[in-house]
file start-v4.cif (mmCIF, C-alpha atoms and all ligand atoms)
data_protein
#
loop_
_atom_site.group_PDB
_atom_site.id
_atom_site.type_symbol
_atom_site.label_atom_id
_atom_site.label_comp_id
_atom_site.auth_asym_id
_atom_site.auth_seq_id
_atom_site.Cartn_x
_atom_site.Cartn_y
_atom_site.Cartn_z
ATOM 1 C CA MET D 1223 -20.500 23.393 -12.891
ATOM 2 C CA ASN D 1224 -21.436 22.637 -9.272
ATOM 3 C CA GLY D 1225 -19.644 19.456 -8.262
ATOM 4 C CA SER D 1226 -19.179 18.279 -11.856
ATOM 5 C CA TYR D 1227 -15.434 18.177 -11.517
ATOM 6 C CA THR D 1228 -13.976 14.717 -10.923
ATOM 7 C CA ALA D 1229 -10.395 14.036 -9.886
ATOM 8 C CA PRO D 1230 -8.422 14.346 -13.101
ATOM 9 C CA GLN D 1231 -5.639 11.791 -12.991
ATOM 10 C CA GLU D 1232 -5.735 9.361 -15.898
ATOM 11 C CA HIS D 1233 -3.893 6.659 -14.030
ATOM 12 C CA GLY D 1234 -5.029 4.793 -10.962
ATOM 13 C CA ILE D 1235 -3.142 5.223 -7.708
ATOM 14 C CA LEU D 1236 -0.482 2.693 -6.779
ATOM 15 C CA VAL D 1237 -1.137 1.925 -3.112
ATOM 16 C CA VAL D 1238 1.430 0.159 -0.946
ATOM 17 C CA PHE D 1239 -0.181 -1.537 2.049
ATOM 18 C CA SER D 1240 2.103 -2.989 4.728
ATOM 19 C CA GLY D 1241 2.008 -4.057 8.343
ATOM 20 C CA PRO D 1242 3.311 -6.837 10.539
ATOM 21 C CA SER D 1243 2.051 -10.369 10.046
ATOM 22 C CA GLY D 1244 -1.119 -10.677 12.154
ATOM 23 C CA ALA D 1245 -2.011 -6.960 11.992
ATOM 24 C CA GLY D 1246 -5.068 -7.849 9.929
ATOM 25 C CA LYS D 1247 -4.090 -6.533 6.473
ATOM 26 C CA GLY D 1248 -5.962 -9.308 4.660
ATOM 27 C CA THR D 1249 -9.165 -8.863 6.671
ATOM 28 C CA ILE D 1250 -9.162 -5.085 6.190
ATOM 29 C CA LEU D 1251 -8.645 -5.450 2.437
ATOM 30 C CA LYS D 1252 -11.393 -8.063 2.174
ATOM 31 C CA ARG D 1253 -13.817 -5.637 3.853
ATOM 32 C CA TYR D 1254 -12.565 -2.741 1.698
ATOM 33 C CA PHE D 1255 -13.204 -4.640 -1.547
ATOM 34 C CA GLU D 1256 -16.729 -5.633 -0.467
ATOM 35 C CA ASP D 1257 -17.791 -2.057 -1.278
ATOM 36 C CA ASP D 1258 -16.598 -2.513 -4.859
ATOM 37 C CA PRO D 1259 -14.143 0.405 -5.116
ATOM 38 C CA PRO D 1260 -12.470 1.162 -8.501
ATOM 39 C CA ALA D 1261 -9.438 -0.811 -7.359
ATOM 40 C CA VAL D 1262 -7.779 -4.198 -7.646
ATOM 41 C CA LEU D 1263 -5.522 -6.142 -5.319
ATOM 42 C CA SER D 1264 -2.287 -7.248 -6.934
ATOM 43 C CA VAL D 1265 -1.840 -11.035 -6.717
ATOM 44 C CA SER D 1266 1.773 -11.585 -5.665
ATOM 45 C CA ALA D 1267 4.021 -14.453 -6.657
ATOM 46 C CA THR D 1268 5.677 -16.444 -3.884
ATOM 47 C CA THR D 1269 7.742 -19.558 -3.317
ATOM 48 C CA ARG D 1270 6.216 -20.272 0.102
ATOM 49 C CA ALA D 1271 3.847 -23.236 0.438
ATOM 50 C CA PRO D 1272 0.091 -22.500 0.313
ATOM 51 C CA ARG D 1273 -1.679 -22.330 3.687
ATOM 52 C CA PRO D 1274 -4.881 -24.339 4.093
ATOM 53 C CA GLY D 1275 -7.612 -22.672 2.024
ATOM 54 C CA GLU D 1276 -5.245 -20.627 -0.145
ATOM 55 C CA VAL D 1277 -5.903 -20.914 -3.873
ATOM 56 C CA ASP D 1278 -3.251 -20.597 -6.584
ATOM 57 C CA GLY D 1279 -3.880 -17.485 -8.702
ATOM 58 C CA VAL D 1280 -6.269 -15.997 -6.113
ATOM 59 C CA HIS D 1281 -4.271 -15.494 -2.911
ATOM 60 C CA TYR D 1282 -0.855 -15.890 -4.548
ATOM 61 C CA HIS D 1283 0.742 -17.327 -7.643
ATOM 62 C CA PHE D 1284 2.593 -20.209 -6.004
ATOM 63 C CA LEU D 1285 5.849 -20.729 -7.908
ATOM 64 C CA SER D 1286 8.921 -22.921 -7.573
ATOM 65 C CA ARG D 1287 12.252 -21.216 -6.866
ATOM 66 C CA GLU D 1288 13.299 -21.778 -10.486
ATOM 67 C CA GLU D 1289 10.092 -20.256 -11.825
ATOM 68 C CA PHE D 1290 10.456 -17.223 -9.552
ATOM 69 C CA GLU D 1291 14.076 -16.661 -10.559
ATOM 70 C CA GLN D 1292 13.033 -16.876 -14.189
ATOM 71 C CA LEU D 1293 10.396 -14.184 -13.546
ATOM 72 C CA ILE D 1294 13.055 -11.914 -12.000
ATOM 73 C CA ALA D 1295 15.376 -12.527 -14.970
ATOM 74 C CA GLU D 1296 12.586 -11.505 -17.371
ATOM 75 C CA ASP D 1297 12.018 -8.260 -15.414
ATOM 76 C CA GLY D 1298 8.561 -9.598 -14.701
ATOM 77 C CA VAL D 1299 8.305 -8.226 -11.146
ATOM 78 C CA LEU D 1300 7.973 -4.587 -10.108
ATOM 79 C CA GLU D 1301 9.730 -5.435 -6.833
ATOM 80 C CA TYR D 1302 10.577 -8.577 -4.903
ATOM 81 C CA ASN D 1303 12.087 -9.588 -1.602
ATOM 82 C CA ILE D 1304 13.078 -12.662 0.379
ATOM 83 C CA TYR D 1305 10.994 -12.965 3.560
ATOM 84 C CA ASN D 1306 11.401 -15.864 6.018
ATOM 85 C CA GLY D 1307 13.451 -17.703 3.377
ATOM 86 C CA ASN D 1308 10.891 -17.384 0.560
ATOM 87 C CA TYR D 1309 10.649 -15.107 -2.452
ATOM 88 C CA TYR D 1310 7.681 -12.711 -2.656
ATOM 89 C CA GLY D 1311 7.165 -10.367 -5.609
ATOM 90 C CA SER D 1312 4.625 -8.169 -7.418
ATOM 91 C CA PRO D 1313 4.045 -9.220 -11.062
ATOM 92 C CA ARG D 1314 4.606 -6.168 -13.279
ATOM 93 C CA GLY D 1315 2.236 -6.769 -16.233
ATOM 94 C CA PRO D 1316 -1.164 -6.813 -14.487
ATOM 95 C CA ILE D 1317 -0.231 -3.840 -12.272
ATOM 96 C CA GLU D 1318 0.722 -1.600 -15.192
ATOM 97 C CA GLU D 1319 -2.357 -2.676 -17.125
ATOM 98 C CA GLU D 1320 -4.801 -1.905 -14.300
ATOM 99 C CA LEU D 1321 -3.189 1.455 -13.498
ATOM 100 C CA SER D 1322 -3.450 2.493 -17.137
ATOM 101 C CA LYS D 1323 -7.176 1.633 -17.054
ATOM 102 C CA GLY D 1324 -7.554 4.133 -14.207
ATOM 103 C CA HIS D 1325 -7.951 1.497 -11.498
ATOM 104 C CA ASP D 1326 -6.121 1.843 -8.202
ATOM 105 C CA VAL D 1327 -3.789 -1.089 -7.534
ATOM 106 C CA ILE D 1328 -3.125 -2.171 -3.963
ATOM 107 C CA LEU D 1329 0.123 -4.010 -3.230
ATOM 108 C CA GLU D 1330 0.023 -5.862 0.085
ATOM 109 C CA ILE D 1331 3.768 -6.174 0.614
ATOM 110 C CA GLU D 1332 6.411 -6.072 3.356
ATOM 111 C CA THR D 1333 8.527 -3.050 4.230
ATOM 112 C CA ASN D 1334 11.596 -3.714 2.023
ATOM 113 C CA GLY D 1335 9.463 -4.124 -1.087
ATOM 114 C CA ALA D 1336 7.513 -1.023 -0.049
ATOM 115 C CA GLY D 1337 10.777 0.935 0.130
ATOM 116 C CA HIS D 1338 11.659 -0.127 -3.435
ATOM 117 C CA ILE D 1339 8.233 0.989 -4.676
ATOM 118 C CA ARG D 1340 8.510 4.367 -2.910
ATOM 119 C CA ARG D 1341 11.907 4.989 -4.516
ATOM 120 C CA MET D 1342 10.785 3.912 -8.006
ATOM 121 C CA PHE D 1343 7.324 5.529 -7.889
ATOM 122 C CA PRO D 1344 7.388 8.687 -5.775
ATOM 123 C CA SER D 1345 3.677 9.199 -6.452
ATOM 124 C CA ALA D 1346 2.757 5.879 -4.811
ATOM 125 C CA LEU D 1347 0.601 6.180 -1.709
ATOM 126 C CA SER D 1348 1.948 4.207 1.238
ATOM 127 C CA ILE D 1349 -0.164 3.017 4.152
ATOM 128 C CA PHE D 1350 0.952 1.059 7.219
ATOM 129 C CA VAL D 1351 -1.408 -1.035 9.372
ATOM 130 C CA VAL D 1352 -0.659 -1.459 13.070
ATOM 131 C CA PRO D 1353 -2.431 -3.482 15.734
ATOM 132 C CA PRO D 1354 -3.534 -1.463 18.787
ATOM 133 C CA SER D 1355 -0.655 -3.052 20.769
ATOM 134 C CA PHE D 1356 2.199 -5.563 20.416
ATOM 135 C CA GLU D 1357 0.427 -7.850 22.908
ATOM 136 C CA GLU D 1358 -2.623 -7.904 20.624
ATOM 137 C CA LEU D 1359 -0.413 -8.828 17.672
ATOM 138 C CA LYS D 1360 1.000 -11.804 19.597
ATOM 139 C CA LYS D 1361 -2.514 -12.946 20.542
ATOM 140 C CA ARG D 1362 -3.742 -12.769 16.936
ATOM 141 C CA LEU D 1363 -0.755 -14.665 15.538
ATOM 142 C CA ILE D 1364 -1.109 -17.467 18.077
ATOM 143 C CA GLY D 1365 -4.910 -17.548 17.598
ATOM 144 C CA ARG D 1366 -4.566 -17.907 13.834
ATOM 145 C CA GLY D 1367 -2.957 -21.302 14.422
ATOM 146 C CA THR D 1368 -1.419 -21.510 10.948
ATOM 147 C CA GLU D 1369 2.261 -21.296 11.932
ATOM 148 C CA THR D 1370 4.566 -23.358 14.122
ATOM 149 C CA PRO D 1371 5.833 -21.749 17.383
ATOM 150 C CA GLU D 1372 9.214 -21.138 15.656
ATOM 151 C CA GLU D 1373 7.498 -19.404 12.734
ATOM 152 C CA ILE D 1374 5.423 -17.306 15.152
ATOM 153 C CA ALA D 1375 8.565 -16.247 17.000
ATOM 154 C CA ALA D 1376 10.249 -15.307 13.692
ATOM 155 C CA ARG D 1377 7.190 -13.335 12.552
ATOM 156 C CA LEU D 1378 6.967 -11.461 15.884
ATOM 157 C CA GLU D 1379 10.641 -10.559 15.700
ATOM 158 C CA LYS D 1380 10.170 -9.405 12.107
ATOM 159 C CA GLY D 1381 6.963 -7.607 13.173
ATOM 160 C CA ARG D 1382 8.827 -5.517 15.715
ATOM 161 C CA SER D 1383 11.388 -4.356 13.155
ATOM 162 C CA GLU D 1384 8.595 -3.712 10.626
ATOM 163 C CA ILE D 1385 6.691 -1.487 13.069
ATOM 164 C CA GLU D 1386 9.898 0.541 13.378
ATOM 165 C CA MET D 1387 9.499 1.317 9.643
ATOM 166 C CA ALA D 1388 5.930 2.612 10.040
ATOM 167 C CA LEU D 1389 7.008 6.251 10.067
ATOM 168 C CA ASP D 1390 8.431 5.940 6.522
ATOM 169 C CA TYR D 1391 4.828 5.581 5.293
ATOM 170 C CA ASP D 1392 2.386 8.353 4.330
ATOM 171 C CA TYR D 1393 -0.469 7.089 6.528
ATOM 172 C CA ILE D 1394 -1.043 4.829 9.529
ATOM 173 C CA VAL D 1395 -4.193 2.736 9.959
ATOM 174 C CA VAL D 1396 -4.740 1.346 13.467
ATOM 175 C CA ASN D 1397 -6.640 -1.922 13.252
ATOM 176 C CA ASP D 1398 -8.621 -1.817 16.485
ATOM 177 C CA GLU D 1399 -11.729 -2.997 14.662
ATOM 178 C CA VAL D 1400 -11.997 -4.210 11.049
ATOM 179 C CA GLU D 1401 -15.010 -2.157 9.944
ATOM 180 C CA THR D 1402 -13.458 1.074 11.223
ATOM 181 C CA ALA D 1403 -10.020 0.253 9.815
ATOM 182 C CA ALA D 1404 -11.463 -0.510 6.353
ATOM 183 C CA ARG D 1405 -13.385 2.791 6.447
ATOM 184 C CA ARG D 1406 -10.170 4.644 7.315
ATOM 185 C CA LEU D 1407 -8.417 2.981 4.367
ATOM 186 C CA GLY D 1408 -11.190 4.134 2.017
ATOM 187 C CA GLU D 1409 -11.019 7.691 3.354
ATOM 188 C CA ILE D 1410 -7.251 7.813 2.855
ATOM 189 C CA ILE D 1411 -7.415 6.557 -0.750
ATOM 190 C CA ARG D 1412 -10.327 8.856 -1.643
ATOM 191 C CA SER D 1413 -8.620 11.922 -0.251
ATOM 192 C CA ALA D 1414 -5.307 10.974 -1.931
ATOM 193 C CA ARG D 1415 -7.061 11.550 -5.251
ATOM 194 C CA TRP D 1416 -7.068 15.249 -4.343
ATOM 195 C CA SER D 1417 -3.448 15.358 -3.244
ATOM 196 C CA LYS D 1418 -1.010 17.565 -5.163
ATOM 197 C CA LYS D 1419 0.890 14.378 -6.118
ATOM 198 C CA PHE D 1420 -1.969 13.410 -8.459
ATOM 199 C CA ASN D 1421 -3.095 16.803 -9.677
ATOM 200 C CA GLN D 1422 0.065 18.363 -11.046
ATOM 201 C CA SER D 1423 -0.910 18.030 -14.703
ATOM 202 C CA PHE D 1424 -4.339 19.519 -13.959
ATOM 203 C CA ILE D 1425 -2.820 22.593 -12.271
ATOM 204 C CA GLN D 1426 -0.452 22.925 -15.222
ATOM 205 C CA GLU D 1427 -3.405 22.792 -17.612
ATOM 206 C CA VAL D 1428 -5.238 25.544 -15.673
ATOM 207 C CA LEU D 1429 -2.121 27.704 -15.797
ATOM 208 C CA ASN D 1430 -1.562 27.019 -19.514
ATOM 209 C CA ASN D 1431 -5.038 28.384 -20.215
ATOM 210 C CA ALA D 1432 -4.760 31.372 -17.881
HETATM 211 P P1 LIG D 1501 2.466 -14.218 4.126
HETATM 212 O O1 LIG D 1501 3.411 -15.360 4.046
HETATM 213 O O2 LIG D 1501 1.985 -13.986 5.541
HETATM 214 O O3 LIG D 1501 1.325 -14.318 3.140
HETATM 215 O O4 LIG D 1501 3.275 -12.907 3.715
HETATM 216 C C1 LIG D 1501 4.466 -12.595 4.353
HETATM 217 C C2 LIG D 1501 4.840 -11.158 4.040
HETATM 218 O O5 LIG D 1501 5.136 -11.019 2.649
HETATM 219 C C3 LIG D 1501 3.709 -10.172 4.351
HETATM 220 O O6 LIG D 1501 4.274 -9.075 5.063
HETATM 221 C C4 LIG D 1501 3.245 -9.739 2.984
HETATM 222 O O7 LIG D 1501 2.760 -8.402 3.019
HETATM 223 C C5 LIG D 1501 4.520 -9.840 2.174
HETATM 224 N N1 LIG D 1501 4.289 -9.936 0.736
HETATM 225 C C6 LIG D 1501 3.275 -10.540 0.087
HETATM 226 N N2 LIG D 1501 3.405 -10.386 -1.238
HETATM 227 C C7 LIG D 1501 4.523 -9.647 -1.437
HETATM 228 C C8 LIG D 1501 5.187 -9.122 -2.609
HETATM 229 O O8 LIG D 1501 4.737 -9.287 -3.734
HETATM 230 N N3 LIG D 1501 6.331 -8.422 -2.405
HETATM 231 C C9 LIG D 1501 6.846 -8.195 -1.185
HETATM 232 N N4 LIG D 1501 7.964 -7.475 -1.096
HETATM 233 N N5 LIG D 1501 6.243 -8.658 -0.058
HETATM 234 C C10 LIG D 1501 5.101 -9.377 -0.180
#
call {"tool": "encode", "arguments": {"input": "start-v4.cif", "output": "structure tokens", "more": "lines below"}}
Ligand code: 5GP
result
Amino acid sequence: MNGSYTAPQEHGILVVFSGPSGAGKGTILKRYFEDDPPAVLSVSATTRAPRPGEVDGVHYHFLSREEFEQLIAEDGVLEYNIYNGNYYGSPRGPIEEELSKGHDVILEIETNGAGHIRRMFPSALSIFVVPPSFEELKKRLIGRGTETPEEIAARLEKGRSEIEMALDYDYIVVNDEVETAARRLGEIIRSARWSKKFNQSFIQEVLNNA
């Protein structure tokens, strides 16, 4: 029997991954997926305009306001929120399908949406990414050069209030360096598989056969 036991949950883990704009969520996830974990990244729907290089259906499903509101009306999103004047939401169908196949699903979403998920799915694992300092966050946002100064100011303001929400999450990942941060993310998800949240039915089974 040595080591033949694998974590028993039939469903994948729903992982909520948040952090202020510019904290490096996208870069960490890209590095995490390079190691081919049994996980998928949920492709959100949004009404914001694509940034240069963003591809419809890969980075986001870019929808019109009408299309997004239709999706909400059809109960097609697990959660949604308005952020900087645009809708963002997690399409329900693909998430439920992947979880039922035993794949972990990572939702890269902001703090309000994360709160909805935590309330609806108490077994979800929530992880918050922070930059090593607020000054560093400012530097990264300006360096990215994809937003106007007004948008940067709005994102920094939002970033501050998001960091205040960090302590509502299960885990904190400090992004001082991408490789290290991605490794921390992997360690958190792997150890979550052994958490009591995901092993209740197994313990029950052991007791039923005692
Ligand atoms: P960005 O415009 O920089 O791609 O995303 C802005 C914010 O929206 C980020 O904090 C991102 O995590 C969040 N976001 C992306 N997709 C979703 C979603 O499906 N639902 C929610 N609630 N937030 C999202």
call {"tool": "resolve_selection", "arguments": {"input": "start-v4.cif", "expression": "the PyMOL selection byres (((chain D and resi 1273-1279) around 12) and not hetatm)", "output": "list in words"}}
result
Leu1263, Ser1264, Val1265, Ser1266, Ala1267, Thr1268, Thr1269, Arg1270, Ala1271, Pro1272, Val1280, His1281, Tyr1282, His1283, Phe1284, Leu1285, Pro1313, Arg1366, Gly1367, Thr1368 and Glu1369 of chain D
call {"tool": "closest_residue", "arguments": {"input": "start-v4.cif", "among": "D:Phe1350, D:Tyr1393, D:Phe1290, D:Tyr1302", "to": "ligand LIG 1501 (chain D)", "atoms": "all atoms listed in the file"}}
result
D:Tyr1302
call {"tool": "closest_atom_pairs", "arguments": {"input": "start-v4.cif", "of": "chain D", "to": "ligand LIG 1501 (chain D)", "cutoff": "9 Å", "atoms": "all atoms listed in the file", "output": "CSV"}}
result
residue,atom,partner,partner_atom,distance
D:Phe1239,CA,D:LIG1501,O7,7.5
D:Ser1240,CA,D:LIG1501,O7,5.7
D:Gly1241,CA,D:LIG1501,O6,6.4
D:Pro1242,CA,D:LIG1501,O6,6.0
D:Ser1243,CA,D:LIG1501,O6,5.6
D:Gly1244,CA,D:LIG1501,O2,8.0
D:Lys1247,CA,D:LIG1501,O7,7.9
D:Gly1248,CA,D:LIG1501,O7,8.9
D:Ser1264,CA,D:LIG1501,O8,8.0
D:Val1265,CA,D:LIG1501,O8,7.4
D:Ser1266,CA,D:LIG1501,O8,4.2
D:Ala1267,CA,D:LIG1501,O8,6.0
D:Thr1268,CA,D:LIG1501,N2,7.0
D:Arg1270,CA,D:LIG1501,O1,6.9
D:Ala1271,CA,D:LIG1501,O1,8.7
D:Pro1272,CA,D:LIG1501,O1,8.7
D:Arg1273,CA,D:LIG1501,O3,8.6
D:His1281,CA,D:LIG1501,O3,8.3
D:Tyr1282,CA,D:LIG1501,N2,7.7
D:Val1299,CA,D:LIG1501,O8,8.3
D:Leu1300,CA,D:LIG1501,O8,8.6
D:Glu1301,CA,D:LIG1501,N3,6.3
D:Tyr1302,CA,D:LIG1501,N4,4.7
D:Asn1303,CA,D:LIG1501,N4,4.7
D:Ile1304,CA,D:LIG1501,N4,7.4
D:Tyr1305,CA,D:LIG1501,O5,6.2
D:Asn1306,CA,D:LIG1501,C1,7.8
D:Asn1308,CA,D:LIG1501,O1,8.5
D:Tyr1309,CA,D:LIG1501,N3,8.0
D:Tyr1310,CA,D:LIG1501,C8,4.4
D:Gly1311,CA,D:LIG1501,O8,3.3
D:Ser1312,CA,D:LIG1501,O8,3.9
D:Pro1313,CA,D:LIG1501,O8,7.4
D:Leu1329,CA,D:LIG1501,O8,7.0
D:Glu1330,CA,D:LIG1501,O7,4.7
D:Ile1331,CA,D:LIG1501,O7,3.4
D:Glu1332,CA,D:LIG1501,O6,4.1
D:Thr1333,CA,D:LIG1501,N4,6.9
D:Asn1334,CA,D:LIG1501,N4,6.1
D:Gly1335,CA,D:LIG1501,N4,3.7
D:Ala1336,CA,D:LIG1501,N4,6.6
D:Gly1337,CA,D:LIG1501,N4,9.0
D:His1338,CA,D:LIG1501,N4,8.6
D:Arg1377,CA,D:LIG1501,C1,8.7
D:Gly1381,CA,D:LIG1501,O6,8.7
D:Glu1384,CA,D:LIG1501,O6,8.9
call {"tool": "closest_residue", "arguments": {"input": "start-v4.cif", "among": "D:Gly1324, D:Pro1259, D:Gly1365, D:Gly1234", "to": "Arg1405 of chain D", "atoms": "all atoms listed in the file"}}
result
D:Pro1259
call {"tool": "atom_distance", "arguments": {"input": "start-v4.cif", "atom1": "atom CA of Met1342 of chain D", "atom2": "atom CA of Leu1236 of chain D"}}
result
11.4 Å
call {"tool": "atom_distance", "arguments": {"input": "start-v4.cif", "atom1": "atom CA of Val1395 of chain D", "atom2": "atom CA of Val1352 of chain D"}}
result
6.3 Å
call {"tool": "atom_distance", "arguments": {"input": "start-v4.cif", "atom1": "atom CA of Arg1340 of chain D", "atom2": "atom CA of Ala1261 of chain D"}}
result
19.2 Å
call {"tool": "axis_aligned_box", "arguments": {"input": "start-v4.cif", "around": "segment 1257-1263 of chain D", "padding_each_side": "4 Å", "output": "AutoDock Vina command-line options"}}
result
--center_x -11.7 --center_y -2.5 --center_z -4.9 --size_x 20.3 --size_y 15.3 --size_z 15.2
call {"tool": "residues_around", "arguments": {"input": "start-v4.cif", "residues": "Gly1298 of chain D", "least_positions_apart": "4", "cutoff": "8 Å", "atoms": "only C-alpha atoms", "output": "ChimeraX atom specification"}}
result
/D:1293-1294,1313-1315
call {"tool": "write_last_selection", "arguments": {"input": "start-v4.cif", "atoms": "C-alpha atoms", "output": "tab-separated table (two decimals), in the frame of the given file"}}
result
chain	number	residue	atom	x	y	z
D	1293	LEU	CA	10.40	-14.18	-13.55
D	1294	ILE	CA	13.06	-11.91	-12.00
D	1313	PRO	CA	4.04	-9.22	-11.06
D	1314	ARG	CA	4.61	-6.17	-13.28
D	1315	GLY	CA	2.24	-6.77	-16.23
call {"tool": "closest_residue", "arguments": {"input": "start-v4.cif", "among": "D:Asn1397, D:Ser1348, D:Asn1430, D:Ser1383", "to": "Arg1362 of chain D", "atoms": "all atoms listed in the file"}}
result
D:Asn1397
call {"tool": "closest_residue", "arguments": {"input": "start-v4.cif", "among": "D:Ala1404, D:Ser1413, D:Arg1382, D:Phe1343", "to": "Thr1249 of chain D", "atoms": "all atoms listed in the file"}}
result
D:Ala1404
call {"tool": "closest_residue", "arguments": {"input": "start-v4.cif", "among": "D:Val1327, D:Lys1419, D:Ile1410, D:Ala1245", "to": "Phe1356 of chain D", "atoms": "all atoms listed in the file"}}
result
D:Ala1245
call {"tool": "closest_residue", "arguments": {"input": "start-v4.cif", "among": "D:Tyr1391, D:Pro1260, D:Ser1322, D:Ser1355", "to": "Ile1339 of chain D", "atoms": "all atoms listed in the file"}}
result
D:Tyr1391
call {"tool": "residues_around", "arguments": {"input": "start-v4.cif", "residues": "Glu1399 of chain D", "least_positions_apart": "2", "cutoff": "10 Å", "atoms": "all atoms listed in the file", "output": "PyMOL selection string"}}
result
chain D and resi 1246+1250+1353-1354+1396-1397+1401-1404
call {"tool": "residues_around", "arguments": {"input": "start-v4.cif", "residues": "Ala1414 of chain D", "least_positions_apart": "6", "cutoff": "12 Å", "atoms": "only C-alpha atoms", "output": "CSV table (one decimal) with C-alpha atoms, keeping the file's coordinate frame"}}
result
chain,number,residue,atom,x,y,z
D,1229,ALA,CA,-10.4,14.0,-9.9
D,1231,GLN,CA,-5.6,11.8,-13.0
D,1234,GLY,CA,-5.0,4.8,-11.0
D,1235,ILE,CA,-3.1,5.2,-7.7
D,1236,LEU,CA,-0.5,2.7,-6.8
D,1237,VAL,CA,-1.1,1.9,-3.1
D,1326,ASP,CA,-6.1,1.8,-8.2
D,1345,SER,CA,3.7,9.2,-6.5
D,1346,ALA,CA,2.8,5.9,-4.8
D,1347,LEU,CA,0.6,6.2,-1.7
D,1348,SER,CA,1.9,4.2,1.2
D,1349,ILE,CA,-0.2,3.0,4.2
D,1392,ASP,CA,2.4,8.4,4.3
D,1393,TYR,CA,-0.5,7.1,6.5
D,1407,LEU,CA,-8.4,3.0,4.4
D,1408,GLY,CA,-11.2,4.1,2.0
D,1420,PHE,CA,-2.0,13.4,-8.5
D,1421,ASN,CA,-3.1,16.8,-9.7
